[in-house]
Amino acid sequence: MEPEPRAGILDIMPYKGGVADAPGFAAPVKLSSNENCLGASPRATQAYARAAASLERYPDGGVQHLREALAAAHDIPAAQIVCGNGSDEILQMLAHIYLRPGDEVLHAQNGFLTYKLAALQNNATPVPAPENDMQINAAAFLSKLSPKTRIVYLANPNNPTGFLMPADEVRALHAGLPENVLLVIDGAYAEYVRADDYDGGFGLVRAYKNVVATRTFSKAYGLAGLRIGWAFCPPRIADALNRIRSPFNANAPAQAAACAALDDRDFIEKSAAHVQKWVPWLIREINALGLKAYPSAGNFILIGLADEMQAQKAEAALMAKGLIVRNVKGFGLPGCVRMTVGLEDQNKAVVAALAAFLQP
Ligand SMILES: *Cc1c(COP(=O)(O)O)cnc(C)c1O
């Protein structure tokens, strides 16, 4: 006899991150995890180094400095902010709090993988809402609503498709949900969005008791390795999160670096400007090769190839040149790869390598 996991646990496929190594390359170009190609703010790096001098200390479990800085930056109450070990932890904690066995979790057909995993971890059923050419609207989500629906996860912009749901559609989605269904709006790429009416769902959080908006320091802020994210929640949801989170889930160097990163507006603006310059260029160049590059509001581009065989060959051809992209078959998108926006020469290298690959 040995300890037996709960029913369903062993049916969960472990999450696999983006590949980091290319055989034969000491410093490959990693474009597989939507990291910031400009790195992190030097101020954040310095704050992290300073924090190294007191690693014997427990972090501030209440994350006060960072929450107050976030509250001031976003004009929201610090008491309604909860930090996590990456926003992923918060997405998982919400599932842990609100799901009962048999409940349903709605997510976009090609939504972020965590949503499906969070459902399965809690003996709930992930229910995909249909996309149309990588796009989705409120009606598509609401067509899958059932009395068992408990949480709706929406990544906006979505990863891996890059699709941005317009603000009026997000409002329509919320308006169609019963009050006891939680809408989680995941703004992992919020800093890159330039749409005038985009607020990452903060307006809905202010107005309703069933909406949470999550953010992360992993993407535009370039602190993925430190694992720090946060959520803006209605008071009762913040209270529930604070009861179940582990006491020191946001580590001290991460808190320090995040505070410093938040202060460096120039770095974020430079990062966003870089992405806004290269996303349209990449889309144009890749489409000119006869492939299908989808529009993207994030720092990455989904590329459609002829089929899964060609996608795998393209991935291997890029890998042979030290360029690592993400195979997104596991996201339910066979025949596609996802590339993160890189530095100028890296973007050009990907396009050149794809062109060479497609050469008859
Ligand atoms: C990267 C990503 C996250 C997770 O970010 P962490 O804060 O590093 O856990 C969440 N949602 C989406 C859509 C992402 O792409």
# chains A, B, ... in the order shown; residues from 1 in each chain; ligands from 1
>>> residues_near_ligand(ligand="ligand 1", cutoff="6 Å", atoms="only C-alpha atoms and all ligand atoms", output="short mmCIF file (atom, residue, chain, number, x, y, z; two decimals) with all heavy atoms, in the first residue's frame")
data_model
loop_
_atom_site.label_atom_id
_atom_site.label_comp_id
_atom_site.auth_asym_id
_atom_site.auth_seq_id
_atom_site.Cartn_x
_atom_site.Cartn_y
_atom_site.Cartn_z
N GLY A 86 3.65 34.77 -8.26
CA GLY A 86 3.21 34.82 -9.64
C GLY A 86 1.69 34.95 -9.64
O GLY A 86 1.03 34.61 -8.65
N SER A 87 1.14 35.48 -10.74
CA SER A 87 -0.32 35.57 -10.78
C SER A 87 -0.92 34.17 -10.92
O SER A 87 -2.07 33.93 -10.56
CB SER A 87 -0.78 36.48 -11.91
OG SER A 87 -0.27 36.05 -13.15
N ASP A 88 -0.12 33.26 -11.43
CA ASP A 88 -0.58 31.88 -11.55
C ASP A 88 -1.08 31.34 -10.20
O ASP A 88 -2.10 30.66 -10.14
CB ASP A 88 0.59 31.01 -12.01
CG ASP A 88 0.14 29.91 -12.92
OD1 ASP A 88 -0.23 28.84 -12.39
OD2 ASP A 88 0.12 30.12 -14.13
N PHE A 112 -5.51 30.21 -21.76
CA PHE A 112 -4.29 29.89 -21.03
C PHE A 112 -4.47 28.56 -20.29
O PHE A 112 -5.52 28.29 -19.72
CB PHE A 112 -4.01 31.04 -20.05
CG PHE A 112 -2.68 30.97 -19.38
CD1 PHE A 112 -1.51 30.79 -20.10
CD2 PHE A 112 -2.59 31.13 -18.01
CE1 PHE A 112 -0.28 30.76 -19.47
CE2 PHE A 112 -1.36 31.11 -17.36
CZ PHE A 112 -0.21 30.92 -18.10
N ALA A 155 -8.39 35.50 -20.21
CA ALA A 155 -7.11 36.20 -20.36
C ALA A 155 -7.32 37.26 -21.43
O ALA A 155 -7.75 36.95 -22.53
CB ALA A 155 -6.02 35.24 -20.80
N ASN A 158 -5.38 37.43 -24.69
CA ASN A 158 -5.27 35.99 -24.46
C ASN A 158 -3.90 35.47 -24.91
O ASN A 158 -3.33 35.93 -25.89
CB ASN A 158 -6.38 35.26 -25.22
CG ASN A 158 -6.38 33.78 -24.93
OD1 ASN A 158 -6.22 33.36 -23.78
ND2 ASN A 158 -6.53 32.96 -25.95
N ASN A 159 -3.42 34.51 -24.17
CA ASN A 159 -2.22 33.76 -24.53
C ASN A 159 -2.67 32.33 -24.76
O ASN A 159 -3.31 31.77 -23.88
CB ASN A 159 -1.23 33.84 -23.35
CG ASN A 159 -0.05 32.90 -23.51
OD1 ASN A 159 0.22 32.42 -24.60
ND2 ASN A 159 0.63 32.64 -22.41
N ASP A 186 -7.69 38.06 -16.47
CA ASP A 186 -6.25 37.87 -16.34
C ASP A 186 -5.54 38.86 -17.27
O ASP A 186 -5.56 38.70 -18.49
CB ASP A 186 -5.93 36.41 -16.71
CG ASP A 186 -4.45 36.08 -16.73
OD1 ASP A 186 -3.61 37.00 -16.68
OD2 ASP A 186 -4.14 34.88 -16.79
N ALA A 188 -2.28 39.55 -17.74
CA ALA A 188 -0.83 39.30 -17.71
C ALA A 188 -0.07 40.20 -18.69
O ALA A 188 1.09 40.53 -18.46
CB ALA A 188 -0.54 37.82 -18.02
N THR A 216 0.61 40.76 -13.33
CA THR A 216 1.87 40.08 -13.01
C THR A 216 3.07 40.98 -13.25
O THR A 216 3.01 41.90 -14.08
CB THR A 216 2.02 38.78 -13.83
OG1 THR A 216 3.23 38.13 -13.43
CG2 THR A 216 2.08 39.05 -15.33
N SER A 218 5.74 39.37 -14.18
CA SER A 218 6.54 38.43 -14.97
C SER A 218 6.78 38.86 -16.40
O SER A 218 7.77 38.50 -17.01
CB SER A 218 5.86 37.06 -15.01
OG SER A 218 5.77 36.51 -13.73
N ALA A 224 9.93 37.51 -14.29
CA ALA A 224 9.33 36.16 -14.26
C ALA A 224 10.03 35.23 -13.27
O ALA A 224 9.40 34.42 -12.59
CB ALA A 224 9.33 35.54 -15.65
N ARG A 227 8.80 35.39 -9.48
CA ARG A 227 7.46 34.93 -9.13
C ARG A 227 6.71 35.94 -8.26
O ARG A 227 6.62 35.80 -7.03
CB ARG A 227 7.50 33.56 -8.42
CG ARG A 227 8.39 32.51 -9.03
CD ARG A 227 8.05 32.24 -10.49
NE ARG A 227 6.66 31.92 -10.67
CZ ARG A 227 5.88 32.53 -11.58
NH1 ARG A 227 6.35 33.48 -12.37
NH2 ARG A 227 4.63 32.18 -11.69
N ILE A 228 6.20 36.98 -8.88
CA ILE A 228 5.36 37.91 -8.13
C ILE A 228 4.24 38.45 -9.02
O ILE A 228 4.49 38.95 -10.12
CB ILE A 228 6.20 39.03 -7.46
CG1 ILE A 228 5.32 39.99 -6.68
CG2 ILE A 228 7.07 39.80 -8.45
CD1 ILE A 228 5.33 39.77 -5.21
N GLY A 229 3.03 38.28 -8.54
CA GLY A 229 1.85 38.76 -9.26
C GLY A 229 0.85 39.26 -8.22
O GLY A 229 1.09 39.17 -7.02
#
>>> atom_distance(atom1="atom CA of Phe300 of chain A", atom2="atom CA of Gly162 of chain A")
7.0 Å
>>> residues_around(residues="Ala256 of chain A", least_positions_apart="3", cutoff="12 Å", atoms="only C-alpha atoms", output="PyMOL selection string")
chain A and resi 43-52+54+59-60+63-67+69+217+223+226+228+250-253+259-263
>>> write_last_selection(atoms="N, CA, C and O atoms", output="tab-separated table (two decimals), in the first residue's frame")
chain	number	residue	atom	x	y	z
A	43	ARG	N	16.73	49.26	-11.97
A	43	ARG	CA	16.36	49.58	-10.58
A	43	ARG	C	15.86	48.34	-9.84
A	43	ARG	O	16.12	48.16	-8.66
A	44	ALA	N	15.14	47.49	-10.56
A	44	ALA	CA	14.63	46.26	-9.95
A	44	ALA	C	15.79	45.32	-9.64
A	44	ALA	O	15.85	44.70	-8.57
A	45	THR	N	16.73	45.24	-10.56
A	45	THR	CA	17.90	44.38	-10.36
A	45	THR	C	18.70	44.84	-9.14
A	45	THR	O	19.15	44.03	-8.33
A	46	GLN	N	18.85	46.17	-9.02
A	46	GLN	CA	19.57	46.71	-7.86
A	46	GLN	C	18.83	46.42	-6.55
A	46	GLN	O	19.45	46.07	-5.54
A	47	ALA	N	17.53	46.58	-6.57
A	47	ALA	CA	16.74	46.33	-5.35
A	47	ALA	C	16.86	44.85	-4.95
A	47	ALA	O	16.95	44.52	-3.76
A	48	TYR	N	16.88	44.00	-5.96
A	48	TYR	CA	17.03	42.56	-5.71
A	48	TYR	C	18.39	42.29	-5.06
A	48	TYR	O	18.50	41.54	-4.09
A	49	ALA	N	19.43	42.93	-5.58
A	49	ALA	CA	20.78	42.73	-5.04
A	49	ALA	C	20.84	43.23	-3.59
A	49	ALA	O	21.44	42.58	-2.72
A	50	ARG	N	20.20	44.37	-3.32
A	50	ARG	CA	20.17	44.88	-1.94
A	50	ARG	C	19.47	43.90	-1.01
A	50	ARG	O	19.89	43.66	0.11
A	51	ALA	N	18.40	43.28	-1.51
A	51	ALA	CA	17.64	42.34	-0.68
A	51	ALA	C	18.47	41.11	-0.35
A	51	ALA	O	18.23	40.43	0.66
A	52	ALA	N	19.48	40.85	-1.17
A	52	ALA	CA	20.34	39.67	-0.93
A	52	ALA	C	21.10	39.81	0.38
A	52	ALA	O	21.59	38.81	0.93
A	54	SER	N	19.90	40.50	3.25
A	54	SER	CA	19.14	40.11	4.45
A	54	SER	C	18.22	38.92	4.17
A	54	SER	O	17.02	38.95	4.47
A	59	PRO	N	9.93	37.51	4.77
A	59	PRO	CA	9.32	38.65	4.07
A	59	PRO	C	8.20	39.27	4.90
A	59	PRO	O	7.74	38.66	5.87
A	60	ASP	N	7.76	40.45	4.52
A	60	ASP	CA	6.55	41.02	5.09
A	60	ASP	C	5.37	40.22	4.53
A	60	ASP	O	5.04	40.33	3.35
A	63	VAL	N	2.82	42.14	2.69
A	63	VAL	CA	3.27	42.80	1.46
A	63	VAL	C	2.86	44.28	1.42
A	63	VAL	O	2.40	44.80	0.39
A	64	GLN	N	3.03	44.94	2.54
A	64	GLN	CA	2.46	46.28	2.66
A	64	GLN	C	3.02	47.31	1.67
A	64	GLN	O	2.25	47.99	0.99
A	65	HIS	N	4.36	47.41	1.59
A	65	HIS	CA	4.95	48.42	0.69
A	65	HIS	C	4.47	48.26	-0.73
A	65	HIS	O	4.05	49.21	-1.37
A	66	LEU	N	4.56	47.05	-1.20
A	66	LEU	CA	4.21	46.80	-2.60
A	66	LEU	C	2.72	47.05	-2.83
A	66	LEU	O	2.33	47.68	-3.82
A	67	ARG	N	1.88	46.58	-1.90
A	67	ARG	CA	0.44	46.79	-2.10
A	67	ARG	C	0.11	48.28	-2.08
A	67	ARG	O	-0.71	48.76	-2.87
A	69	ALA	N	2.14	50.71	-2.94
A	69	ALA	CA	2.66	51.30	-4.18
A	69	ALA	C	1.73	50.98	-5.36
A	69	ALA	O	1.45	51.84	-6.20
A	217	PHE	N	4.14	40.72	-12.53
A	217	PHE	CA	5.43	41.37	-12.80
A	217	PHE	C	6.29	40.50	-13.72
A	217	PHE	O	7.44	40.83	-13.97
A	223	LEU	N	10.19	40.28	-14.58
A	223	LEU	CA	10.60	39.64	-13.32
A	223	LEU	C	10.06	38.22	-13.18
A	223	LEU	O	9.80	37.75	-12.06
A	226	LEU	N	11.31	35.84	-10.49
A	226	LEU	CA	11.08	36.12	-9.06
A	226	LEU	C	9.73	35.66	-8.57
A	226	LEU	O	9.51	35.57	-7.37
A	228	ILE	N	6.20	36.98	-8.88
A	228	ILE	CA	5.36	37.91	-8.13
A	228	ILE	C	4.24	38.45	-9.02
A	228	ILE	O	4.49	38.95	-10.12
A	250	ALA	N	4.71	35.73	-1.08
A	250	ALA	CA	5.48	36.67	-1.91
A	250	ALA	C	6.83	36.86	-1.23
A	250	ALA	O	6.89	37.42	-0.13
A	251	ASN	N	7.89	36.38	-1.88
A	251	ASN	CA	9.19	36.41	-1.19
A	251	ASN	C	9.79	37.82	-1.13
A	251	ASN	O	9.41	38.70	-1.91
A	252	ALA	N	10.73	38.02	-0.21
A	252	ALA	CA	11.24	39.36	0.07
A	252	ALA	C	11.97	40.00	-1.12
A	252	ALA	O	11.68	41.15	-1.46
A	253	PRO	N	12.92	39.29	-1.77
A	253	PRO	CA	13.57	39.93	-2.92
A	253	PRO	C	12.56	40.29	-4.01
A	253	PRO	O	12.71	41.31	-4.69
A	259	CYS	N	8.64	46.58	-6.20
A	259	CYS	CA	8.46	47.99	-5.82
A	259	CYS	C	9.33	48.88	-6.70
A	259	CYS	O	8.87	49.91	-7.22
A	260	ALA	N	10.57	48.49	-6.89
A	260	ALA	CA	11.49	49.30	-7.69
A	260	ALA	C	11.06	49.30	-9.16
A	260	ALA	O	11.12	50.34	-9.83
A	261	ALA	N	10.61	48.15	-9.65
A	261	ALA	CA	10.18	48.05	-11.04
A	261	ALA	C	8.98	48.96	-11.31
A	261	ALA	O	8.88	49.60	-12.35
A	262	LEU	N	8.09	49.00	-10.34
A	262	LEU	CA	6.87	49.80	-10.48
A	262	LEU	C	7.21	51.28	-10.61
A	262	LEU	O	6.51	52.04	-11.28
A	263	ASP	N	8.30	51.69	-9.99
A	263	ASP	CA	8.74	53.08	-10.01
A	263	ASP	C	9.36	53.48	-11.34
A	263	ASP	O	9.47	54.66	-11.63
>>> select_by_dssp(residues="segment 220-316 of chain A", states="helix (DSSP H, G or I)", output="MDAnalysis selection string")
chainID A and resid 224:226 235:244 252:263 265:288 308:316
>>> residues_around(residues="Ala316 of chain A", least_positions_apart="3", cutoff="12 Å", atoms="only C-alpha atoms", output="PyMOL selection string")
chain A and resi 22-23+309-313+319-327+337+353-354+357
>>> residues_around(residues="segment 7-13 of chain A", least_positions_apart="6", cutoff="9 Å", atoms="only C-alpha atoms", output="count of residues only")
5
>>> closest_residue(among="A:Ala297, A:Val350, A:Ala53, A:Leu302", to="Glu285 of chain A", atoms="only C-alpha atoms")
A:Val350
>>> closest_residue(among="A:Pro101, A:Pro280, A:Gly62, A:Pro126", to="Asn299 of chain A", atoms="only C-alpha atoms")
A:Pro280
>>> closest_residue(among="A:Asp239, A:Glu344, A:Asp133, A:Glu308", to="Ala293 of chain A", atoms="only C-alpha atoms")
A:Asp133
